[in-house]
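Below is the file structure-v1.tsv, which contains TSV, C-alpha atoms and all ligand atoms.
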chain	number	residue	atom	x	y	z
A	1	MET	CA	182.81	124.85	129.44
A	2	THR	CA	185.04	121.78	129.03
A	3	SER	CA	182.49	119.07	128.24
A	4	PRO	CA	179.13	118.99	126.44
A	5	TYR	CA	175.98	119.90	128.36
A	6	PRO	CA	174.03	116.89	129.67
A	7	TRP	CA	171.42	117.30	126.90
A	8	GLN	CA	174.07	117.19	124.15
A	9	THR	CA	175.63	113.80	124.82
A	10	SER	CA	174.10	112.02	121.84
A	11	GLN	CA	175.25	114.76	119.43
A	12	TRP	CA	178.71	114.61	120.98
A	13	LYS	CA	178.92	110.82	120.50
A	14	GLN	CA	177.81	111.20	116.91
A	15	PHE	CA	180.47	113.84	116.31
A	16	GLN	CA	183.18	111.72	118.00
A	17	GLN	CA	182.40	108.70	115.87
A	18	ARG	CA	182.88	110.82	112.78
A	19	ARG	CA	186.09	112.38	114.11
A	20	LEU	CA	187.61	108.99	114.90
A	21	LYS	CA	186.73	107.69	111.43
A	22	GLY	CA	188.22	110.82	109.86
A	23	ALA	CA	184.78	111.51	108.42
A	24	VAL	CA	183.98	114.95	109.82
A	25	PRO	CA	181.85	116.76	107.20
A	26	HIS	CA	183.27	119.87	105.52
A	27	ALA	CA	180.29	121.89	106.66
A	28	LEU	CA	178.18	121.15	109.69
A	29	LEU	CA	175.01	123.10	110.40
A	30	LEU	CA	174.12	123.08	114.10
A	31	HIS	CA	170.52	124.10	114.47
A	32	GLY	CA	167.91	124.25	117.21
A	33	PRO	CA	166.33	126.75	119.61
A	34	GLU	CA	168.28	129.68	120.98
A	35	GLY	CA	170.01	129.54	124.34
A	36	ILE	CA	170.66	125.79	124.58
A	37	GLY	CA	174.43	125.84	123.96
A	38	LYS	CA	174.89	125.10	120.24
A	39	GLU	CA	177.74	127.58	119.90
A	40	ASP	CA	179.47	126.13	122.98
A	41	PHE	CA	179.15	122.71	121.36
A	42	ALA	CA	180.78	124.04	118.18
A	43	HIS	CA	183.63	125.47	120.27
A	44	LEU	CA	184.16	122.11	121.98
A	45	ALA	CA	184.15	120.32	118.65
A	46	ALA	CA	186.62	122.85	117.20
A	47	ARG	CA	188.93	122.39	120.18
A	48	ALA	CA	188.72	118.62	119.85
A	49	LEU	CA	189.67	118.79	116.16
A	50	LEU	CA	192.59	121.14	116.79
A	51	CYS	CA	193.91	119.41	119.95
A	52	GLU	CA	197.08	117.32	119.62
A	53	GLN	CA	195.95	114.67	122.12
A	54	PRO	CA	192.21	114.57	122.85
A	55	ASP	CA	191.12	112.29	125.72
A	56	ALA	CA	189.08	109.08	125.49
A	57	GLU	CA	185.79	110.99	125.20
A	58	GLY	CA	187.27	113.09	122.42
A	59	LEU	CA	187.58	116.22	124.53
A	60	ALA	CA	190.50	118.60	124.03
A	61	CYS	CA	193.36	118.11	126.53
A	62	GLY	CA	193.59	121.78	127.49
A	63	GLN	CA	197.39	121.53	127.77
A	64	CYS	CA	198.92	121.19	124.31
A	65	LYS	CA	200.14	124.15	122.28
A	66	SER	CA	196.99	124.14	120.19
A	67	CYS	CA	194.75	124.17	123.28
A	68	GLN	CA	196.79	126.98	124.82
A	69	LEU	CA	196.48	129.08	121.68
A	70	ILE	CA	192.76	128.52	121.43
A	71	ASN	CA	192.31	129.35	125.12
A	72	ALA	CA	194.19	132.59	124.50
A	73	GLU	CA	191.80	133.21	121.54
A	74	ASN	CA	194.86	133.31	119.36
A	75	HIS	CA	194.80	130.11	117.29
A	76	PRO	CA	195.61	130.94	113.66
A	77	ASP	CA	193.60	127.95	112.37
A	78	PHE	CA	190.44	128.76	114.30
A	79	ILE	CA	188.47	131.47	112.52
A	80	PRO	CA	185.28	132.76	114.14
A	81	VAL	CA	183.03	134.82	111.86
A	82	LEU	CA	180.60	136.73	114.06
A	83	PRO	CA	178.57	139.93	113.58
A	84	GLU	CA	180.72	142.99	114.30
A	85	GLU	CA	177.90	144.28	116.53
A	86	ILE	CA	175.52	142.06	118.51
A	87	GLY	CA	172.25	141.62	116.65
A	88	LYS	CA	173.60	143.01	113.36
A	89	ALA	CA	174.43	141.34	110.06
A	90	ILE	CA	177.49	139.31	109.10
A	91	LYS	CA	178.72	141.23	106.08
A	92	ILE	CA	180.20	140.22	102.75
A	93	ASP	CA	183.60	141.74	103.64
A	94	GLN	CA	183.87	139.30	106.53
A	95	ILE	CA	183.21	136.34	104.21
A	96	ARG	CA	185.64	137.77	101.64
A	97	ASN	CA	188.34	137.95	104.33
A	98	LEU	CA	187.56	134.36	105.26
A	99	ILE	CA	187.89	133.21	101.65
A	100	GLN	CA	191.19	135.07	101.43
A	101	VAL	CA	192.54	133.29	104.52
A	102	MET	CA	191.34	129.97	103.15
A	103	THR	CA	193.57	130.31	100.08
A	104	LEU	CA	196.54	129.64	102.43
A	105	SER	CA	197.31	126.29	104.08
A	106	PRO	CA	196.52	125.82	107.78
A	107	HIS	CA	199.42	127.08	109.93
A	108	PHE	CA	199.86	123.86	111.89
A	109	GLY	CA	199.20	121.47	109.05
A	110	GLY	CA	196.13	120.04	110.82
A	111	TYR	CA	192.52	121.13	110.63
A	112	ARG	CA	191.34	124.63	109.96
A	113	ILE	CA	188.06	125.42	111.69
A	114	VAL	CA	185.63	128.16	110.76
A	115	LEU	CA	182.73	129.08	113.05
A	116	ILE	CA	179.94	131.20	111.56
A	117	SER	CA	177.43	132.25	114.18
A	118	PRO	CA	174.59	133.20	114.09
A	119	ALA	CA	174.66	131.93	110.50
A	120	ALA	CA	171.22	133.37	109.64
A	121	GLN	CA	172.64	136.84	110.23
A	122	MET	CA	174.74	136.62	107.09
A	123	ASN	CA	173.25	139.13	104.70
A	124	LEU	CA	172.33	137.97	101.21
A	125	ALA	CA	175.65	138.97	99.64
A	126	ALA	CA	177.62	137.27	102.42
A	127	SER	CA	175.53	134.15	102.11
A	128	ASN	CA	175.99	134.00	98.32
A	129	SER	CA	179.70	134.48	98.71
A	130	LEU	CA	179.95	131.67	101.26
A	131	LEU	CA	178.06	129.35	98.95
A	132	LYS	CA	180.98	129.18	96.53
A	133	THR	CA	183.24	128.06	99.38
A	134	LEU	CA	180.77	125.40	100.44
A	135	GLU	CA	180.56	124.14	96.87
A	136	GLU	CA	184.32	123.64	96.68
A	137	PRO	CA	185.26	122.14	100.03
A	138	GLN	CA	188.92	122.11	101.04
A	139	ASP	CA	190.71	119.22	102.69
A	140	ASN	CA	191.02	119.58	106.46
A	141	THR	CA	188.72	122.58	106.62
A	142	VAL	CA	185.56	122.27	108.70
A	143	ILE	CA	182.97	125.02	108.68
A	144	PHE	CA	180.54	125.10	111.60
A	145	LEU	CA	177.40	127.13	110.99
A	146	VAL	CA	175.23	127.76	114.03
A	147	THR	CA	171.63	128.91	113.83
A	148	SER	CA	168.37	129.04	115.70
A	149	GLN	CA	166.57	130.22	112.55
A	150	ILE	CA	167.28	127.52	109.99
A	151	SER	CA	164.42	128.63	107.74
A	152	ARG	CA	166.21	131.93	107.18
A	153	LEU	CA	169.18	130.19	105.58
A	154	SER	CA	168.90	129.60	101.87
A	155	ALA	CA	168.00	126.10	100.74
A	156	THR	CA	171.26	125.94	98.79
A	157	ILE	CA	173.34	126.67	101.92
A	158	ARG	CA	171.38	124.09	103.90
A	159	SER	CA	171.76	121.47	101.20
A	160	ARG	CA	175.55	121.79	101.29
A	161	CYS	CA	175.82	121.19	105.03
A	162	GLN	CA	175.35	118.14	107.20
A	163	LEU	CA	172.62	118.95	109.69
A	164	LEU	CA	173.13	118.40	113.40
A	165	ARG	CA	169.93	119.07	115.29
A	166	PHE	CA	169.71	120.17	118.92
A	167	ALA	CA	166.41	120.08	120.79
A	168	ARG	CA	165.42	122.09	123.83
A	169	PRO	CA	166.24	119.90	126.86
A	170	ASP	CA	163.33	118.37	128.78
A	171	SER	CA	162.37	120.55	131.72
A	172	ALA	CA	163.70	118.13	134.37
A	173	SER	CA	167.24	118.06	133.03
A	174	ALA	CA	167.20	121.80	132.26
A	175	LEU	CA	166.04	122.55	135.84
A	176	ASN	CA	168.54	120.15	137.31
A	177	TRP	CA	171.43	121.78	135.46
A	178	LEU	CA	170.33	125.37	136.03
A	179	GLY	CA	169.50	124.74	139.69
A	180	SER	CA	173.02	123.51	140.34
A	181	GLU	CA	174.54	126.37	138.32
A	182	LEU	CA	172.64	128.98	140.32
A	183	GLY	CA	172.39	127.12	143.62
A	184	ASP	CA	168.72	128.14	143.79
A	185	SER	CA	166.07	125.87	142.31
A	186	ALA	CA	163.15	128.29	142.81
A	187	GLN	CA	164.97	131.04	140.90
A	188	ALA	CA	165.99	128.48	138.27
A	189	GLU	CA	162.35	127.59	137.67
A	190	GLN	CA	161.26	131.20	137.19
A	191	LEU	CA	164.18	131.98	134.88
A	192	LEU	CA	163.61	128.88	132.76
A	193	MET	CA	160.05	130.00	132.09
A	194	ALA	CA	161.23	133.47	131.17
A	195	ALA	CA	163.74	131.89	128.79
A	196	ASN	CA	161.20	129.53	127.16
A	197	GLY	CA	163.01	126.52	128.57
A	198	ALA	CA	166.44	127.47	127.22
A	199	PRO	CA	168.90	126.88	130.09
A	200	LEU	CA	171.82	128.98	128.82
A	201	LEU	CA	169.56	131.91	128.13
A	202	ALA	CA	168.12	131.49	131.63
A	203	ARG	CA	171.58	131.51	133.20
A	204	GLN	CA	172.46	134.66	131.29
A	205	MET	CA	169.30	136.30	132.59
A	206	ALA	CA	170.27	135.49	136.15
A	207	GLY	CA	173.45	137.47	135.83
A	208	ASP	CA	171.97	140.70	134.61
A	209	GLU	CA	168.99	142.98	134.89
A	210	THR	CA	167.10	141.01	132.25
A	211	ILE	CA	164.41	139.54	134.45
A	212	ARG	CA	163.58	142.95	135.93
A	213	PHE	CA	163.45	144.52	132.47
A	214	ARG	CA	161.18	141.71	131.21
A	215	GLN	CA	158.74	142.63	134.00
A	216	GLN	CA	159.03	146.27	132.96
A	217	VAL	CA	158.20	145.41	129.33
A	218	LEU	CA	155.05	143.65	130.49
A	219	GLN	CA	154.06	146.60	132.69
A	220	ASP	CA	154.68	149.02	129.81
A	221	LEU	CA	152.41	147.02	127.49
A	222	THR	CA	149.70	147.04	130.15
A	223	ALA	CA	150.12	150.78	130.64
A	224	ILE	CA	149.89	151.48	126.89
A	225	SER	CA	146.74	149.37	126.62
A	226	ALA	CA	145.18	151.24	129.52
A	227	GLY	CA	146.11	154.60	127.95
A	228	LYS	CA	148.40	155.41	130.90
A	229	LYS	CA	151.57	155.57	128.86
A	230	GLN	CA	152.34	156.78	125.33
A	231	ALA	CA	153.65	154.31	122.75
A	232	MET	CA	156.32	156.85	121.70
A	233	THR	CA	157.62	157.27	125.26
A	234	VAL	CA	157.84	153.54	125.81
A	235	ALA	CA	159.60	153.00	122.44
A	236	ALA	CA	162.30	155.51	123.44
A	237	GLU	CA	162.72	153.83	126.85
A	238	TRP	CA	163.04	150.36	125.33
A	239	LEU	CA	165.58	151.63	122.81
A	240	LYS	CA	167.75	152.97	125.65
A	241	GLN	CA	167.82	149.51	127.20
A	242	ALA	CA	169.21	148.18	123.89
A	243	HIS	CA	168.00	144.76	124.92
A	244	GLY	CA	168.12	142.29	122.06
A	245	LYS	CA	165.41	140.06	123.57
A	246	THR	CA	162.56	142.56	124.00
A	247	LEU	CA	160.76	141.79	120.74
A	248	GLN	CA	161.25	138.05	121.16
A	249	TRP	CA	159.56	138.17	124.55
A	250	VAL	CA	156.60	140.07	123.11
A	251	TYR	CA	156.51	137.57	120.22
A	252	HIS	CA	156.28	134.60	122.61
A	253	TRP	CA	153.67	136.38	124.74
A	254	VAL	CA	151.53	137.02	121.69
A	255	CYS	CA	151.89	133.31	120.75
A	256	ASP	CA	150.68	132.45	124.26
A	257	MET	CA	147.76	134.87	123.95
A	258	ILE	CA	146.77	133.18	120.69
A	259	ARG	CA	146.90	129.80	122.46
A	260	ILE	CA	144.67	131.18	125.21
A	261	LYS	CA	142.19	132.59	122.69
A	262	CYS	CA	142.11	129.22	120.91
A	263	GLY	CA	141.43	127.38	124.17
A	264	ASP	CA	144.91	125.77	124.34
A	265	GLU	CA	145.71	127.22	127.76
A	266	SER	CA	147.61	124.16	128.88
A	267	PHE	CA	150.20	124.88	126.15
A	268	VAL	CA	150.99	128.37	127.45
A	269	ILE	CA	154.77	128.61	127.77
A	270	ASN	CA	155.13	131.71	129.93
A	271	GLN	CA	153.34	130.21	132.90
A	272	ASP	CA	154.80	132.76	135.33
A	273	ILE	CA	152.80	135.55	133.66
A	274	ALA	CA	149.86	133.43	132.44
A	275	ARG	CA	147.38	135.46	134.50
A	276	GLN	CA	148.40	138.78	132.89
A	277	LEU	CA	148.41	137.19	129.42
A	278	GLN	CA	144.93	135.84	130.06
A	279	SER	CA	143.54	139.22	130.96
A	280	PHE	CA	145.16	140.78	127.88
A	281	ALA	CA	143.76	138.00	125.72
A	282	GLN	CA	140.23	138.72	126.92
A	283	THR	CA	140.33	142.27	125.59
A	284	VAL	CA	141.88	141.68	122.17
A	285	ASP	CA	140.71	140.42	118.81
A	286	LEU	CA	142.18	137.12	117.55
A	287	ASN	CA	142.61	138.20	113.92
A	288	ARG	CA	144.37	141.35	115.00
A	289	LEU	CA	146.67	139.25	117.20
A	290	TYR	CA	147.68	137.12	114.22
A	291	HIS	CA	148.28	140.27	112.21
A	292	PHE	CA	150.36	141.72	115.04
A	293	LEU	CA	152.40	138.51	115.22
A	294	ASP	CA	153.33	138.95	111.54
A	295	GLN	CA	154.37	142.53	112.24
A	296	LEU	CA	156.52	141.39	115.16
A	297	SER	CA	158.15	138.76	113.05
A	298	ASP	CA	158.98	141.37	110.36
A	299	ALA	CA	160.33	143.75	113.01
A	300	ILE	CA	162.58	141.05	114.50
A	301	ARG	CA	163.99	140.41	111.04
A	302	LEU	CA	164.36	144.11	110.16
A	303	ARG	CA	166.07	144.87	113.46
A	304	GLN	CA	169.04	142.88	112.19
A	305	THR	CA	169.38	145.18	109.19
A	306	SER	CA	170.12	148.86	109.19
A	307	ALA	CA	166.45	149.70	109.80
A	308	ASN	CA	165.72	152.54	112.25
A	309	GLU	CA	165.02	150.70	115.47
A	310	LEU	CA	163.13	153.56	117.13
A	311	LEU	CA	160.69	153.74	114.21
A	312	LEU	CA	160.24	149.96	114.33
A	313	LEU	CA	159.41	150.03	118.05
A	314	GLU	CA	157.09	153.02	117.71
A	315	GLY	CA	155.19	151.34	114.88
A	316	LEU	CA	154.79	148.14	116.81
A	317	LEU	CA	153.68	149.80	120.03
A	318	LEU	CA	151.15	151.92	118.17
A	319	ASN	CA	149.79	148.74	116.63
A	320	TRP	CA	149.65	147.19	120.07
A	321	THR	CA	147.13	149.88	121.08
A	322	TYR	CA	144.91	148.77	118.17
A	323	LEU	CA	144.67	145.15	119.25
A	324	LYS	CA	141.77	145.80	121.57
A	325	THR	CA	138.36	144.71	120.36
A	326	ASP	CA	136.82	148.06	121.33
A	327	ARG	CA	139.15	149.93	118.97
A	328	LYS	CA	137.46	150.59	115.64
A	329	GLN	CA	140.49	151.54	113.55
A	330	GLU	CA	143.45	149.40	112.80
A	331	ARG	CA	146.73	150.62	111.53
A	332	ALA	CA	148.26	148.82	108.58
B	401	ZN	ZN	195.10	119.80	123.49

Represent the structure of the file as C-alpha cells.
Ligand SMILES: [Zn+2]
Amino acid sequence: MTSPYPWQTSQWKQFQQRRLKGAVPHALLLHGPEGIGKEDFAHLAARALLCEQPDAEGLACGQCKSCQLINAENHPDFIPVLPEEIGKAIKIDQIRNLIQVMTLSPHFGGYRIVLISPAAQMNLAASNSLLKTLEEPQDNTVIFLVTSQISRLSATIRSRCQLLRFARPDSASALNWLGSELGDSAQAEQLLMAANGAPLLARQMAGDETIRFRQQVLQDLTAISAGKKQAMTVAAEWLKQAHGKTLQWVYHWVCDMIRIKCGDESFVINQDIARQLQSFAQTVDLNRLYHFLDQLSDAIRLRQTSANELLLLEGLLLNWTYLKTDRKQERA
C-alpha cells in the first residue's frame, strides 16, 4: 500500500498538517475497529517521517535510501514491536529491548519510529515498562500504538498518547474498494458481512479458507445444539484450525442473537446468516445468552495469555449446549 485507504483521507490530512508544522506527537494512539487498515496507516506515516523527500501529499518517495531500507524491512530507525506469535502477548523483554535501543541516538539523525501493534496485547509488565518511556518522551522519537481494543489499555497509557480515531468505513465505500480489489462485487458483499464491515479483514478472508471455515463453525454449533456432535470433538477440531477469528465470530453471532431476541432485527450485522441466527435465537434463553457473551469475552481475553486453549474451547462449547431454554441445568 502506497497511499491511505479512501476512508482514511481525513486522518492523513490531519497527520500531514502536524508533520509539516513539526508538531508530530511523541506518542500517537491509532484506535478503531479491527480490519480497517490502522496498522497500514501507521506504516505509511512512519515511511513519510523517515523519507528524505516526501511528495506534495506527504507520501514517502519510495526511492531514497531511507525508503529502500524500510522496503527491505531493514531500517535501523524503524522499530516494530509485535507479538512473537500471532494472538499472543507482547512481553516485557520486548519493551526492555526497545528501551535499550532508545538510549542510543537514531542512526540517520532524523526520526526514530516505534510501532507497537496490537498495543492491547502488551501484558501488564510490558505496559508498565512502556509507561516510563511515554512519560519521558525523547526528541525525534514517535511511538505509534495501534489497537482495536482501546478499553484494554490502561488509562495512564491512553492519557499519554494523542488519540487518532478510525471509524469503520460506510458500506458503500467499503464495497466499492473491496469490489475493485477482488474484481467481484457479489463476493465482496458476502465477505464484508462476514467481516463485520471491515474491508481489510474481508480481503484477507477472500485469500484463504476463512469463509469456508466460518460456515463450518456455524454448522458445528448447530450440530452441538441438536446433539449430533460432541462439544469435545468440535473443540479439538477448532483447535487444529488455529484460526484466531473463531471466537470473535461466535461473539458477534451471539450479539446478533441478543438483538433478535430484543426485537432489534434490523440491526443484525451478519445478514448473510440471519436466518440461522433467528432459528437459534428462538430456542435459547436471553439471560443465558448474556451470560454466555461474558464467557466468550473472557475466553477471547484469556486466549491471548498462556491459558490452555483446548480447555477454553471445551468449556465454551459445553456452555453453548446449556443455552437452550429446555435445558434445566446451567454450567457456571
Ligand atoms: Zn523516500

Give the residues close to ligand ZN 401 (chain B), within 9 Å, counting all atoms listed in the file; write them as number ranges by chain.
A: 47-48, 50-55, 59-68

Please tell me which residues are no farther than 10 Å from (173.2, 135.7, 99.0) in the file, counting all atoms listed in the file, and write them as a list in words.
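Answer for this query, in the requested form: Ile92, Met122, Asn123, Leu124, Ala125, Ala126, Ser127, Asn128, Ser129, Leu130, Leu131, Leu153, Ser154, Thr156 and Ile157 of chain A.
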
May I ask for the distance between atom CA of Met193 of chain A and atom CA of Asp170 of chain A, given in Å to one decimal place?
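Taking atom CA of Met193 of chain A as the start and atom CA of Asp170 of chain A as the end point, the length is 12.5 Å.
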
Neighbour list for segment 118-120 of chain A as JSON, numbers by chain, cut-off 12 Å, all atoms listed in the file, skip fewer than 6 positions in-chain
{"A": [28, 29, 30, 31, 32, 33, 34, 35, 38, 39, 42, 80, 81, 82, 83, 84, 85, 86, 87, 88, 89, 90, 91, 95, 126, 127, 130, 143, 144, 145, 146, 147, 148, 149, 150, 151, 152, 153, 154, 155, 157, 158, 301, 304, 305]}

Using all atoms listed in the file: which of A:Ala27, A:Val250, A:Ala188, A:Leu178 has the shortest distance to Gln215 of chain A:
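Among the listed residues, A:Val250 lies closest to Gln215 of chain A.
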
Considering all atoms listed in the file, state which residue in the set A:Ser173, A:Gln276, A:Ser225, A:Thr2 is at the smallest distance from Asp256 of chain A.
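Between A:Ser173, A:Gln276, A:Ser225, A:Thr2, the residue approaching Asp256 of chain A most closely is A:Gln276.
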
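You can rank A:Gln138, A:Ser180, A:Asn270, A:Gln248 by their closest distance to Ser297 of chain A using only C-alpha atoms, and at the top of that list sits A:Gln248.
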
Once 8 Å is added on each side, what centre and edge lengths in Å to one decimal does the axis-aligned box around all listed atoms of segment 200-211 of chain A have, as JSON?
{"center_x": 168.9, "center_y": 136.0, "center_z": 132.1, "size_x": 25.0, "size_y": 30.0, "size_z": 24.0}

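The space separating atom CA of Pro76 of chain A from atom CA of Phe108 of chain A comes to 8.4 Å.
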
Students should find that atom CA of Gln121 of chain A and atom CA of Arg303 of chain A are spaced 10.9 Å

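Each of A:Ala206, A:Leu104, A:Val254, A:Leu175 was compared to Phe280 of chain A using only C-alpha atoms, and A:Val254 turns out to be the nearest.
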
List as a PDB file with C-alpha atoms, keeping the file's coordinate frame the protein and nucleic acid residues near Val101 of chain A, meaning an atom at most 12 Å away when only C-alpha atoms are counted, but skip any in the same chain fewer than 2 places from it.
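Contents of the output file part28.pdb:
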ATOM      1  CA  PRO A  76     195.610 130.940 113.660  1.00  0.00           C
ATOM      2  CA  ASP A  77     193.600 127.950 112.370  1.00  0.00           C
ATOM      3  CA  PHE A  78     190.440 128.760 114.300  1.00  0.00           C
ATOM      4  CA  ILE A  79     188.470 131.470 112.520  1.00  0.00           C
ATOM      5  CA  GLN A  94     183.870 139.300 106.530  1.00  0.00           C
ATOM      6  CA  ILE A  95     183.210 136.340 104.210  1.00  0.00           C
ATOM      7  CA  ARG A  96     185.640 137.770 101.640  1.00  0.00           C
ATOM      8  CA  ASN A  97     188.340 137.950 104.330  1.00  0.00           C
ATOM      9  CA  LEU A  98     187.560 134.360 105.260  1.00  0.00           C
ATOM     10  CA  ILE A  99     187.890 133.210 101.650  1.00  0.00           C
ATOM     11  CA  THR A 103     193.570 130.310 100.080  1.00  0.00           C
ATOM     12  CA  LEU A 104     196.540 129.640 102.430  1.00  0.00           C
ATOM     13  CA  SER A 105     197.310 126.290 104.080  1.00  0.00           C
ATOM     14  CA  PRO A 106     196.520 125.820 107.780  1.00  0.00           C
ATOM     15  CA  HIS A 107     199.420 127.080 109.930  1.00  0.00           C
ATOM     16  CA  ARG A 112     191.340 124.630 109.960  1.00  0.00           C
ATOM     17  CA  ILE A 113     188.060 125.420 111.690  1.00  0.00           C
ATOM     18  CA  VAL A 114     185.630 128.160 110.760  1.00  0.00           C
ATOM     19  CA  THR A 133     183.240 128.060  99.380  1.00  0.00           C
ATOM     20  CA  THR A 141     188.720 122.580 106.620  1.00  0.00           C
TER      21      THR A 141
END
